[in-house]
Amino acid sequence: MADNQTDALIEAINFTQMLRASVTKVFDNLADGFQDSQGNEKALLNEFQKSLLAVNNDFNELERVGNGLYPLSVNSPNSVHLSIDPATDKTPLYSQLIQSYKWSNKAHELAGYVIGPLDQNAKLKRSMLIGSTLQAKKLRRVPPSGHAATTVYVDNIVTRLDQKMPDISMSITRPLGSSAILQVSLGKILKAVVALRGLIIEWVTVKGYQEDLYSEDGKVDLWSQSRYQVFRKVNDSATAATLHFYSPHNAELALQSFLHWFQSYKTLFSAPCSKCGKHYHQGSPPTWRDLRNTDPYHDVCKP
Ligand SMILES: [Zn+2]
């Protein structure tokens, strides 16, 4: 519809230009006058008549095309033609483009800020995932086995340690099934009962050399305390030491370290305190032994 209208308008403009040209020719001829050099008036008249006919033809054509055009509305004379007007400054396209450009620019900028932290987080997660998997594999590969040592293995270890430590003598009984009870004698100073689960130390009871390790019914007495305060203090130190040397992944070394530390009580009544230099403090010898270098200390002199 719009295209037909446009074509009709262009045709009408062309006919208007042709009409103007033909009319201009007629008036030009009339204004300039006719030069009749050969005395042929009839030929001049014919030519003038042709010019007038051309004006008439052009006018008729223009009128025909003009009748085909839509009449202009009285209320909005030119608004019907706005739809065929391609002027870009009359549409919101430009401002919309600016908005889109600004928005995408800002999104790009913010994405630039975000990529850093997100990348680090992803790397961290990845490394943590790999780390935990490796750790899990490692743990699966080497489960703690100290508690599951066989009786033969425990016997061999105890025999070897007994030979290795001349100040200590040990014997094994198994009154409670497969778990071993070690009876440890340290010179003529003190005795101890060490309850093992596998190779892991679970309980220690320290008593004086002359005290009995057996109860009245002839069984090994794990629970009753020494009647002497000095050995009860040693008992407390030994219990603390079992926690310090606890190592289910390397139970043999843990037991050896504990016994090596325990061996240092052979000087319980002869070594002075490493801090105050006295043998006795409030009637008690140094009952604590340093866990790393086995130096003797009174309870109150502990480093
Ligand atoms: Zn002291």
# chains A, B, ... in the order shown; residues from 1 in each chain; ligands from 1
call {"tool": "residues_near_ligand", "arguments": {"ligand": "ligand 1", "cutoff": "6 Å", "atoms": "only C-alpha atoms and all ligand atoms", "output": "ChimeraX atom specification"}}
result
/A:273,275-276,278,297-298,301
call {"tool": "residues_around", "arguments": {"residues": "A:Ile189", "least_positions_apart": "3", "cutoff": "9 Å", "atoms": "only C-alpha atoms", "output": "PyMOL selection string"}}
result
chain A and resi 185-186+208-210+265-269
call {"tool": "select_by_dssp", "arguments": {"residues": "stretch 112-229 of chain A", "states": "alpha helix (DSSP H)", "output": "CSV table (one decimal) with N, CA and C atoms, in the first residue's frame"}}
result
chain,number,residue,atom,x,y,z
A,112,GLY,N,35.1,-8.9,35.0
A,112,GLY,CA,36.5,-8.9,35.2
A,112,GLY,C,36.9,-8.9,36.7
A,113,TYR,N,36.1,-8.2,37.5
A,113,TYR,CA,36.4,-8.2,38.9
A,113,TYR,C,36.2,-9.6,39.5
A,114,VAL,N,35.1,-10.2,39.1
A,114,VAL,CA,34.7,-11.5,39.7
A,114,VAL,C,35.6,-12.6,39.4
A,115,ILE,N,36.1,-12.6,38.2
A,115,ILE,CA,36.9,-13.8,37.7
A,115,ILE,C,38.0,-14.1,38.6
A,116,GLY,N,38.7,-13.1,39.2
A,116,GLY,CA,39.8,-13.4,40.1
A,116,GLY,C,39.5,-14.2,41.3
A,117,PRO,N,38.6,-13.7,42.2
A,117,PRO,CA,38.2,-14.5,43.3
A,117,PRO,C,37.6,-15.9,43.0
A,118,LEU,N,36.8,-15.9,41.9
A,118,LEU,CA,36.2,-17.2,41.6
A,118,LEU,C,37.2,-18.2,41.1
A,119,ASP,N,38.2,-17.7,40.4
A,119,ASP,CA,39.3,-18.6,39.9
A,119,ASP,C,40.1,-19.2,41.1
A,120,GLN,N,40.4,-18.3,42.0
A,120,GLN,CA,41.2,-18.8,43.2
A,120,GLN,C,40.4,-19.8,44.0
A,121,ASN,N,39.1,-19.5,44.1
A,121,ASN,CA,38.2,-20.4,44.9
A,121,ASN,C,38.2,-21.8,44.2
A,122,ALA,N,38.1,-21.8,42.8
A,122,ALA,CA,38.0,-23.0,42.1
A,122,ALA,C,39.3,-23.8,42.3
A,123,LYS,N,40.4,-23.1,42.2
A,123,LYS,CA,41.7,-23.7,42.4
A,123,LYS,C,41.8,-24.3,43.8
A,124,LEU,N,41.4,-23.6,44.8
A,124,LEU,CA,41.4,-24.0,46.2
A,124,LEU,C,40.6,-25.3,46.3
A,125,LYS,N,39.4,-25.2,45.8
A,125,LYS,CA,38.5,-26.4,45.9
A,125,LYS,C,39.1,-27.6,45.3
A,126,ARG,N,39.7,-27.4,44.1
A,126,ARG,CA,40.3,-28.5,43.3
A,126,ARG,C,41.5,-29.1,44.2
A,127,SER,N,42.3,-28.2,44.7
A,127,SER,CA,43.5,-28.7,45.5
A,127,SER,C,43.0,-29.4,46.8
A,128,MET,N,41.9,-28.9,47.4
A,128,MET,CA,41.4,-29.5,48.6
A,128,MET,C,40.8,-30.9,48.3
A,129,LEU,N,40.1,-30.9,47.1
A,129,LEU,CA,39.6,-32.2,46.7
A,129,LEU,C,40.6,-33.2,46.5
A,130,ILE,N,41.7,-32.8,45.7
A,130,ILE,CA,42.8,-33.7,45.4
A,130,ILE,C,43.5,-34.1,46.7
A,131,GLY,N,43.7,-33.1,47.6
A,131,GLY,CA,44.4,-33.3,48.9
A,131,GLY,C,43.6,-34.3,49.7
A,132,SER,N,42.3,-34.1,49.8
A,132,SER,CA,41.5,-35.0,50.7
A,132,SER,C,41.5,-36.4,50.1
A,133,THR,N,41.4,-36.5,48.7
A,133,THR,CA,41.4,-37.8,48.1
A,133,THR,C,42.7,-38.5,48.4
A,134,LEU,N,43.9,-37.8,48.2
A,134,LEU,CA,45.2,-38.4,48.5
A,134,LEU,C,45.3,-38.8,49.9
A,135,GLN,N,44.8,-37.9,50.9
A,135,GLN,CA,44.9,-38.2,52.3
A,135,GLN,C,44.0,-39.5,52.6
A,136,ALA,N,42.9,-39.5,52.0
A,136,ALA,CA,42.0,-40.7,52.2
A,136,ALA,C,42.7,-42.0,51.7
A,137,LYS,N,43.3,-41.9,50.5
A,137,LYS,CA,44.0,-43.0,50.0
A,137,LYS,C,45.1,-43.5,50.9
A,138,LYS,N,45.9,-42.4,51.4
A,138,LYS,CA,47.0,-42.7,52.3
A,138,LYS,C,46.5,-43.4,53.5
A,139,LEU,N,45.4,-42.9,54.1
A,139,LEU,CA,44.9,-43.4,55.3
A,139,LEU,C,44.4,-44.9,55.1
A,140,ARG,N,43.8,-45.1,53.9
A,140,ARG,CA,43.3,-46.4,53.6
A,140,ARG,C,44.5,-47.4,53.5
A,141,ARG,N,45.6,-46.9,52.9
A,141,ARG,CA,46.7,-47.7,52.6
A,141,ARG,C,47.4,-48.2,54.0
A,151,THR,N,49.4,-62.1,69.2
A,151,THR,CA,50.1,-62.4,70.5
A,151,THR,C,51.6,-62.8,70.3
A,152,VAL,N,51.9,-63.5,69.2
A,152,VAL,CA,53.2,-63.9,68.9
A,152,VAL,C,54.1,-62.7,68.7
A,153,TYR,N,53.5,-61.8,67.9
A,153,TYR,CA,54.3,-60.5,67.6
A,153,TYR,C,54.5,-59.7,68.9
A,154,VAL,N,53.5,-59.7,69.8
A,154,VAL,CA,53.7,-58.9,71.0
A,154,VAL,C,54.8,-59.6,71.9
A,155,ASP,N,54.7,-60.9,71.9
A,155,ASP,CA,55.7,-61.7,72.7
A,155,ASP,C,57.1,-61.4,72.2
A,156,ASN,N,57.3,-61.4,70.9
A,156,ASN,CA,58.6,-61.1,70.3
A,156,ASN,C,59.1,-59.7,70.7
A,157,ILE,N,58.2,-58.8,70.5
A,157,ILE,CA,58.6,-57.4,70.8
A,157,ILE,C,59.0,-57.2,72.3
A,158,VAL,N,58.2,-57.8,73.2
A,158,VAL,CA,58.5,-57.7,74.6
A,158,VAL,C,59.8,-58.4,75.0
A,159,THR,N,60.1,-59.5,74.4
A,159,THR,CA,61.3,-60.2,74.6
A,159,THR,C,62.5,-59.4,74.2
A,160,ARG,N,62.4,-58.8,73.0
A,160,ARG,CA,63.5,-58.0,72.4
A,160,ARG,C,63.7,-56.8,73.3
A,161,LEU,N,62.6,-56.1,73.8
A,161,LEU,CA,62.8,-54.9,74.6
A,161,LEU,C,63.4,-55.3,76.0
A,162,ASP,N,63.0,-56.5,76.5
A,162,ASP,CA,63.5,-56.9,77.7
A,162,ASP,C,65.1,-57.1,77.7
A,163,GLN,N,65.5,-57.6,76.5
A,163,GLN,CA,67.0,-57.8,76.3
A,163,GLN,C,67.7,-56.4,76.1
A,164,LYS,N,66.9,-55.5,75.5
A,164,LYS,CA,67.5,-54.2,75.2
A,164,LYS,C,67.7,-53.3,76.4
A,229,GLN,N,52.6,-42.7,99.0
A,229,GLN,CA,52.3,-41.5,98.2
A,229,GLN,C,53.3,-41.4,97.1
call {"tool": "residues_around", "arguments": {"residues": "A:Phe15", "least_positions_apart": "4", "cutoff": "9 Å", "atoms": "only C-alpha atoms", "output": "VMD selection string"}}
result
chain A and resid 10 to 11 19 to 20 58 to 59 61 to 62 65
call {"tool": "residues_around", "arguments": {"residues": "A:Ser237", "least_positions_apart": "4", "cutoff": "7 Å", "atoms": "only C-alpha atoms", "output": "ChimeraX atom specification"}}
result
/A:233,241,288
call {"tool": "select_by_dssp", "arguments": {"residues": "stretch 206-280 of chain A", "states": "strand (DSSP E or B)", "output": "MDAnalysis selection string"}}
result
chainID A and resid 206:208 214 220
call {"tool": "closest_residue", "arguments": {"among": "A:Lys219, A:Lys207, A:Lys42, A:Lys25", "to": "A:Ile181", "atoms": "only C-alpha atoms"}}
result
A:Lys219
call {"tool": "atom_distance", "arguments": {"atom1": "atom CA of A:Ser247", "atom2": "atom CA of A:Ser264"}}
result
20.9 Å
call {"tool": "residues_around", "arguments": {"residues": "A:Met170", "least_positions_apart": "2", "cutoff": "7 Å", "atoms": "only C-alpha atoms", "output": "PyMOL selection string"}}
result
chain A and resi 162+168+172+182-185
call {"tool": "closest_residue", "arguments": {"among": "A:Asp299, A:Asp221, A:Glu211, A:Asp167", "to": "A:Val193", "atoms": "only C-alpha atoms"}}
result
A:Asp221
call {"tool": "closest_residue", "arguments": {"among": "A:Glu202, A:Asp7, A:Asp28, A:Glu63", "to": "A:Ala180", "atoms": "only C-alpha atoms"}}
result
A:Glu202
call {"tool": "closest_residue", "arguments": {"among": "A:Gly39, A:Gly146, A:Arg64, A:Ile98", "to": "A:Asn250", "atoms": "only C-alpha atoms"}}
result
A:Gly146
call {"tool": "closest_residue", "arguments": {"among": "A:Thr91, A:Val55, A:Phe231, A:Lys50", "to": "A:Ser22", "atoms": "only C-alpha atoms"}}
result
A:Val55
